[in-house]
file upload_14.txt (compact mmCIF, C-alpha atoms)
# COMPACT_ATOMS: atom_id res chain seq x y z
CA MET N 479 71.77 -109.62 -21.58
CA HIS N 480 75.03 -107.66 -21.66
CA ARG N 481 77.30 -105.75 -19.33
CA ILE N 482 77.30 -101.97 -19.41
CA SER N 483 80.99 -101.81 -18.54
CA ALA N 484 83.90 -104.04 -17.60
CA HIS N 485 82.93 -103.82 -13.92
CA GLY N 486 79.35 -102.66 -14.37
CA SER N 487 76.09 -104.50 -14.04
CA TYR N 488 73.93 -106.33 -16.49
CA ARG N 489 71.30 -104.19 -18.14
CA LEU N 490 67.56 -104.90 -18.03
CA ASP N 491 65.54 -104.02 -21.11
CA ARG N 492 61.91 -105.09 -20.82
CA VAL N 493 58.52 -103.86 -22.03
CA PHE N 494 55.39 -104.25 -19.92
CA PRO N 495 51.81 -103.46 -21.02
CA GLY N 496 50.53 -100.48 -19.08
CA VAL N 497 54.04 -99.41 -18.13
CA GLY N 498 56.15 -99.31 -21.27
CA ARG N 499 59.83 -99.94 -21.68
CA ILE N 500 62.12 -100.31 -18.69
CA ALA N 501 65.75 -100.03 -19.74
CA VAL N 502 67.94 -99.73 -16.65
CA ALA N 503 71.01 -101.17 -15.01
CA SER N 504 70.02 -104.23 -12.99
CA GLY N 505 72.68 -103.81 -10.34
CA ALA N 506 73.66 -107.46 -10.86
CA THR N 507 77.20 -108.44 -11.77
CA THR N 508 76.57 -112.17 -12.25
CA ALA N 509 74.23 -114.00 -14.60
CA ALA N 510 72.47 -115.72 -11.69
CA GLU N 511 71.85 -112.43 -9.91
CA PHE N 512 70.65 -110.86 -13.15
CA LYS N 513 68.17 -113.70 -13.61
CA SER N 514 66.78 -113.11 -10.10
CA ARG N 515 66.31 -109.40 -10.73
CA ASN N 516 64.76 -110.03 -14.13
CA GLU N 517 62.33 -112.48 -12.51
CA LEU N 518 61.50 -109.82 -9.92
CA LEU N 519 60.20 -107.55 -12.68
CA THR N 520 58.02 -110.38 -13.97
CA ARG N 521 56.65 -111.04 -10.47
CA LEU N 522 55.90 -107.35 -9.96
CA TYR N 523 53.99 -107.27 -13.23
CA ASN N 524 52.10 -110.49 -12.45
CA LYS N 525 51.12 -109.13 -9.01
CA GLY N 526 49.90 -105.88 -10.57
CA ARG N 527 52.62 -103.77 -8.97
CA LEU N 528 52.78 -101.43 -11.94
CA ASP N 529 53.51 -98.58 -9.52
CA LEU N 530 56.86 -100.12 -8.67
CA LEU N 531 57.64 -100.90 -12.29
CA ARG N 532 56.90 -97.27 -13.16
CA ALA N 533 59.08 -96.13 -10.24
CA ILE N 534 61.97 -98.20 -11.60
CA GLN N 535 61.30 -96.83 -15.07
CA ALA N 536 61.35 -93.24 -13.74
CA HIS N 537 64.52 -93.92 -11.70
CA THR N 538 62.65 -93.18 -8.46
CA TYR N 539 63.94 -96.53 -7.25
CA THR N 540 66.75 -98.67 -8.56
CA VAL N 541 66.22 -102.34 -9.29
CA THR N 542 68.57 -103.03 -6.37
CA GLU N 543 66.39 -101.08 -3.93
CA VAL N 544 63.23 -102.88 -5.05
CA TYR N 545 65.03 -106.23 -5.07
CA ALA N 546 66.28 -105.70 -1.51
CA ALA N 547 62.81 -104.69 -0.31
CA ASP N 548 61.33 -107.76 -2.00
CA ARG N 549 63.85 -110.06 -0.32
CA GLU N 550 62.96 -108.53 3.06
CA ASP N 551 59.22 -108.80 2.24
CA GLU N 552 59.01 -105.01 2.57
CA LEU N 553 57.65 -103.89 -0.82
CA ALA N 554 54.87 -101.97 0.93
CA ARG N 555 57.40 -99.44 2.26
CA LEU N 556 58.30 -98.44 -1.30
CA THR N 557 54.98 -96.79 -2.08
CA GLY N 558 53.22 -93.59 -1.18
CA GLU N 559 54.15 -91.50 1.83
CA ARG N 560 56.20 -94.29 3.41
CA ALA N 561 58.43 -94.34 0.35
CA ILE N 562 59.07 -90.63 0.53
CA LEU N 563 59.76 -90.66 4.27
CA GLY N 564 62.15 -93.58 3.89
CA ARG N 565 64.43 -91.81 1.43
CA PRO N 566 67.98 -91.00 2.59
CA LEU N 567 67.94 -87.47 3.99
CA TRP N 568 71.31 -86.16 2.83
CA ASP N 569 71.07 -87.60 -0.69
CA THR N 570 67.57 -86.17 -1.02
CA VAL N 571 68.75 -82.75 0.16
CA LYS N 572 71.55 -82.85 -2.41
CA THR N 573 68.98 -83.60 -5.13
CA TRP N 574 66.63 -80.83 -3.93
CA VAL N 575 69.36 -78.21 -3.75
CA GLY N 576 71.13 -79.25 -6.96
CA THR N 577 74.72 -78.68 -7.99
CA ASP N 578 74.25 -75.13 -9.27
CA PRO N 579 71.36 -73.84 -7.16
CA ALA N 580 69.32 -70.68 -7.58
CA PRO N 581 69.49 -68.24 -4.63
CA THR N 582 66.60 -69.78 -2.65
CA ARG N 583 67.90 -73.31 -3.08
CA LYS N 584 71.38 -72.11 -2.21
CA ARG N 585 69.99 -70.69 1.03
CA TYR N 586 68.30 -74.04 1.78
CA GLY N 587 71.64 -75.71 1.13
CA VAL N 588 73.35 -73.49 3.70
CA SER N 589 70.65 -74.32 6.25
CA PHE N 590 70.88 -78.05 5.62
CA ASP N 591 74.67 -77.90 5.85
CA ALA N 592 74.34 -76.24 9.26
CA LEU N 593 71.78 -78.86 10.33
CA ARG N 594 74.13 -81.61 9.22
CA VAL N 595 76.90 -80.20 11.42
CA ARG N 596 74.81 -79.25 14.48
CA GLY N 597 71.71 -81.42 14.33
CA GLY N 598 73.26 -84.67 15.45
CA LEU N 599 71.67 -86.58 12.60
CA PRO N 600 73.54 -89.64 11.34
CA GLU N 601 74.65 -90.17 7.74
CA SER N 602 72.00 -92.89 7.55
CA ALA N 603 69.19 -90.46 8.46
CA THR N 604 66.01 -90.58 6.41
CA LEU N 605 63.49 -87.82 5.77
CA GLU N 606 61.39 -89.36 8.52
CA THR N 607 64.26 -88.75 10.96
CA LEU N 608 63.58 -85.00 10.71
CA GLY N 609 60.40 -85.68 12.70
CA THR N 610 62.48 -86.92 15.64
CA VAL N 611 64.57 -83.76 15.98
CA ASP N 612 63.89 -81.74 19.13
CA TRP N 613 63.69 -78.43 17.28
CA LYS N 614 63.15 -76.31 20.40
CA ALA N 615 66.26 -77.70 22.07
CA LEU N 616 68.25 -77.29 18.86
CA LYS N 617 67.11 -73.66 18.57
CA THR N 618 68.56 -72.82 21.99
CA GLN N 619 71.96 -74.13 20.88
CA TRP N 620 71.81 -72.72 17.35
CA PRO N 621 74.44 -70.02 16.78
CA ASN N 622 72.96 -68.80 13.50
CA SER N 623 69.86 -66.73 12.81
CA GLY N 624 66.32 -68.04 13.11
CA SER N 625 66.00 -68.15 9.33
CA ASP N 626 68.64 -70.84 9.33

call {"tool": "encode", "arguments": {"input": "upload_14.txt", "output": "structure tokens"}}
result
Amino acid sequence: MHRISAHGSYRLDRVFPGVGRIAVASGATTAAEFKSRNELLTRLYNKGRLDLLRAIQAHTYTVTEVYAADREDELARLTGERAILGRPLWDTVKTWVGTDPAPTRKRYGVSFDALRVRGGLPESATLETLGTVDWKALKTQWPNSGSD
């Protein structure tokens, strides 16, 4: 167990059969918190939740996200369609569009920027929130073209 920086978090480095090596930041800044997060990985393995271990390994979820869901007894929301719909909208859009987007992605970025300004969606919006937008009402107030 070691810190990754002076103010960083302890690093997890574990190997699980059927998953492989998980070497990620734990998100814990104290030894006690690190121990809890390390034990979480063991519990996930013992319960057969290899899907979540692989998601941590692939950086789909951070240890902190899985740890928080576990504490709230909400691990089920971190799998399948529910997991995708529960992702933060604006962070996901930023990932989709990228920092140096190709023309199509750049166009999507312009559209999402306009939606962010005019759509009335909060910063905490998730992908699932897009399903609550009244698109017909928004279209009547939309100053840009229909392709936007």

call {"tool": "closest_atom_pairs", "arguments": {"input": "upload_14.txt", "of": "segment 550-623 of chain N", "to": "segment 527-534 of chain N", "cutoff": "10 Å", "atoms": "all atoms listed in the file", "output": "CSV"}}
result
residue,atom,partner,partner_atom,distance
N:Leu553,CA,N:Leu530,CA,8.7
N:Ala554,CA,N:Leu530,CA,10.0
N:Leu556,CA,N:Leu530,CA,7.7
N:Thr557,CA,N:Leu530,CA,7.6
N:Gly558,CA,N:Asp529,CA,9.7

call {"tool": "closest_residue", "arguments": {"input": "upload_14.txt", "among": "N:Tyr586, N:Tyr539, N:Trp568, N:Tyr545", "to": "Glu517 of chain N", "atoms": "all atoms listed in the file"}}
result
N:Tyr545

call {"tool": "atom_distance", "arguments": {"input": "upload_14.txt", "atom1": "atom CA of Leu563 of chain N", "atom2": "atom CA of Val497 of chain N"}}
result
24.7 Å

call {"tool": "residues_around", "arguments": {"input": "upload_14.txt", "residues": "Gly498 of chain N", "least_positions_apart": "5", "cutoff": "9 Å", "atoms": "only C-alpha atoms", "output": "list in words"}}
result
Arg492, Val493, Arg532 and Gln535 of chain N

call {"tool": "closest_residue", "arguments": {"input": "upload_14.txt", "among": "N:Ala503, N:Glu550, N:Pro495, N:Ala603", "to": "Tyr523 of chain N", "atoms": "only C-alpha atoms"}}
result
N:Pro495

call {"tool": "closest_residue", "arguments": {"input": "upload_14.txt", "among": "N:Arg515, N:His537, N:Arg565, N:Lys525", "to": "Arg549 of chain N", "atoms": "only C-alpha atoms"}}
result
N:Arg515

call {"tool": "atom_distance", "arguments": {"input": "upload_14.txt", "atom1": "atom CA of Lys513 of chain N", "atom2": "atom CA of Asp491 of chain N"}}
result
12.5 Å

call {"tool": "residues_around", "arguments": {"input": "upload_14.txt", "residues": "Ser602 of chain N", "least_positions_apart": "3", "cutoff": "12 Å", "atoms": "all atoms listed in the file", "output": "list in words"}}
result
Gly564, Arg565, Pro566, Leu567, Trp568, Asp569, Thr570, Arg594, Gly598, Leu599, Leu605, Glu606, Thr607 and Leu608 of chain N

call {"tool": "write_last_selection", "arguments": {"input": "upload_14.txt", "atoms": "C-alpha atoms", "output": "CSV table (one decimal), keeping the file's coordinate frame"}}
result
chain,number,residue,atom,x,y,z
N,564,GLY,CA,62.2,-93.6,3.9
N,565,ARG,CA,64.4,-91.8,1.4
N,566,PRO,CA,68.0,-91.0,2.6
N,567,LEU,CA,67.9,-87.5,4.0
N,568,TRP,CA,71.3,-86.2,2.8
N,569,ASP,CA,71.1,-87.6,-0.7
N,570,THR,CA,67.6,-86.2,-1.0
N,594,ARG,CA,74.1,-81.6,9.2
N,598,GLY,CA,73.3,-84.7,15.4
N,599,LEU,CA,71.7,-86.6,12.6
N,605,LEU,CA,63.5,-87.8,5.8
N,606,GLU,CA,61.4,-89.4,8.5
N,607,THR,CA,64.3,-88.8,11.0
N,608,LEU,CA,63.6,-85.0,10.7

call {"tool": "atom_distance", "arguments": {"input": "upload_14.txt", "atom1": "atom CA of Asn622 of chain N", "atom2": "atom CA of Ser589 of chain N"}}
result
9.4 Å

call {"tool": "residues_around", "arguments": {"input": "upload_14.txt", "residues": "Ser487 of chain N", "least_positions_apart": "5", "cutoff": "7 Å", "atoms": "only C-alpha atoms", "output": "ChimeraX atom specification"}}
result
/N:481-482,503-507

call {"tool": "write_last_selection", "arguments": {"input": "upload_14.txt", "atoms": "C-alpha atoms", "output": "mmCIF file, keeping the file's coordinate frame"}}
result
data_model
loop_
_atom_site.group_PDB
_atom_site.id
_atom_site.type_symbol
_atom_site.label_atom_id
_atom_site.label_comp_id
_atom_site.auth_asym_id
_atom_site.auth_seq_id
_atom_site.Cartn_x
_atom_site.Cartn_y
_atom_site.Cartn_z
ATOM 1 C CA ARG N 481 77.300 -105.750 -19.330
ATOM 2 C CA ILE N 482 77.300 -101.970 -19.410
ATOM 3 C CA ALA N 503 71.010 -101.170 -15.010
ATOM 4 C CA SER N 504 70.020 -104.230 -12.990
ATOM 5 C CA GLY N 505 72.680 -103.810 -10.340
ATOM 6 C CA ALA N 506 73.660 -107.460 -10.860
ATOM 7 C CA THR N 507 77.200 -108.440 -11.770
#

call {"tool": "residues_around", "arguments": {"input": "upload_14.txt", "residues": "segment 615-618 of chain N", "least_positions_apart": "3", "cutoff": "9 Å", "atoms": "only C-alpha atoms", "output": "list in words"}}
result
Arg596, Gly597, Val611, Asp612, Pro621 and Gly624 of chain N

call {"tool": "axis_aligned_box", "arguments": {"input": "upload_14.txt", "around": "segment 509-528 of chain N", "padding_each_side": "4 Å", "output": "lines of an AutoDock Vina configuration file"}}
result
center_x = 62.1
center_y = -108.6
center_z = -11.8
size_x = 32.3
size_y = 22.3
size_z = 13.6

call {"tool": "closest_residue", "arguments": {"input": "upload_14.txt", "among": "N:Thr540, N:Pro600, N:Gly496, N:Lys572", "to": "Gly587 of chain N", "atoms": "all atoms listed in the file"}}
result
N:Lys572

call {"tool": "decode", "arguments": {"input": "upload_14.txt", "residues": "segment 534-549 of chain N", "atoms": "N, CA and C atoms", "output": "PDB file, in the first residue's frame"}}
result
ATOM      1  N   ILE N 534     -14.179  -2.037 -12.999  1.00  0.00           N
ATOM      2  CA  ILE N 534     -13.157  -1.250 -12.304  1.00  0.00           C
ATOM      3  C   ILE N 534     -11.839  -1.358 -13.061  1.00  0.00           C
ATOM      4  N   GLN N 535     -11.517  -2.556 -13.478  1.00  0.00           N
ATOM      5  CA  GLN N 535     -10.277  -2.805 -14.218  1.00  0.00           C
ATOM      6  C   GLN N 535     -10.238  -1.991 -15.521  1.00  0.00           C
ATOM      7  N   ALA N 536     -11.382  -1.895 -16.196  1.00  0.00           N
ATOM      8  CA  ALA N 536     -11.469  -1.182 -17.477  1.00  0.00           C
ATOM      9  C   ALA N 536     -11.709   0.314 -17.300  1.00  0.00           C
ATOM     10  N   HIS N 537     -11.769   0.771 -16.051  1.00  0.00           N
ATOM     11  CA  HIS N 537     -12.016   2.180 -15.730  1.00  0.00           C
ATOM     12  C   HIS N 537     -13.406   2.642 -16.152  1.00  0.00           C
ATOM     13  N   THR N 538     -14.341   1.693 -16.298  1.00  0.00           N
ATOM     14  CA  THR N 538     -15.735   2.052 -16.542  1.00  0.00           C
ATOM     15  C   THR N 538     -16.306   2.693 -15.293  1.00  0.00           C
ATOM     16  N   TYR N 539     -15.943   2.121 -14.146  1.00  0.00           N
ATOM     17  CA  TYR N 539     -16.298   2.671 -12.847  1.00  0.00           C
ATOM     18  C   TYR N 539     -15.042   2.828 -12.023  1.00  0.00           C
ATOM     19  N   THR N 540     -15.042   3.835 -11.165  1.00  0.00           N
ATOM     20  CA  THR N 540     -13.948   3.978 -10.210  1.00  0.00           C
ATOM     21  C   THR N 540     -14.280   3.142  -8.981  1.00  0.00           C
ATOM     22  N   VAL N 541     -13.267   2.867  -8.193  1.00  0.00           N
ATOM     23  CA  VAL N 541     -13.499   2.156  -6.939  1.00  0.00           C
ATOM     24  C   VAL N 541     -14.452   2.975  -6.071  1.00  0.00           C
ATOM     25  N   THR N 542     -14.310   4.277  -6.093  1.00  0.00           N
ATOM     26  CA  THR N 542     -15.177   5.152  -5.294  1.00  0.00           C
ATOM     27  C   THR N 542     -16.637   5.004  -5.695  1.00  0.00           C
ATOM     28  N   GLU N 543     -16.920   4.944  -6.991  1.00  0.00           N
ATOM     29  CA  GLU N 543     -18.303   4.784  -7.447  1.00  0.00           C
ATOM     30  C   GLU N 543     -18.886   3.447  -6.979  1.00  0.00           C
ATOM     31  N   VAL N 544     -18.118   2.390  -7.112  1.00  0.00           N
ATOM     32  CA  VAL N 544     -18.595   1.065  -6.699  1.00  0.00           C
ATOM     33  C   VAL N 544     -18.739   1.013  -5.179  1.00  0.00           C
ATOM     34  N   TYR N 545     -17.790   1.610  -4.478  1.00  0.00           N
ATOM     35  CA  TYR N 545     -17.825   1.642  -3.019  1.00  0.00           C
ATOM     36  C   TYR N 545     -19.074   2.387  -2.536  1.00  0.00           C
ATOM     37  N   ALA N 546     -19.370   3.520  -3.140  1.00  0.00           N
ATOM     38  CA  ALA N 546     -20.554   4.297  -2.760  1.00  0.00           C
ATOM     39  C   ALA N 546     -21.831   3.505  -3.032  1.00  0.00           C
ATOM     40  N   ALA N 547     -21.909   2.853  -4.179  1.00  0.00           N
ATOM     41  CA  ALA N 547     -23.082   2.038  -4.500  1.00  0.00           C
ATOM     42  C   ALA N 547     -23.229   0.879  -3.515  1.00  0.00           C
ATOM     43  N   ASP N 548     -22.126   0.282  -3.124  1.00  0.00           N
ATOM     44  CA  ASP N 548     -22.153  -0.815  -2.165  1.00  0.00           C
ATOM     45  C   ASP N 548     -22.669  -0.322  -0.811  1.00  0.00           C
ATOM     46  N   ARG N 549     -22.205   0.824  -0.380  1.00  0.00           N
ATOM     47  CA  ARG N 549     -22.634   1.374   0.912  1.00  0.00           C
ATOM     48  C   ARG N 549     -24.125   1.698   0.906  1.00  0.00           C
TER      49      ARG N 549
END
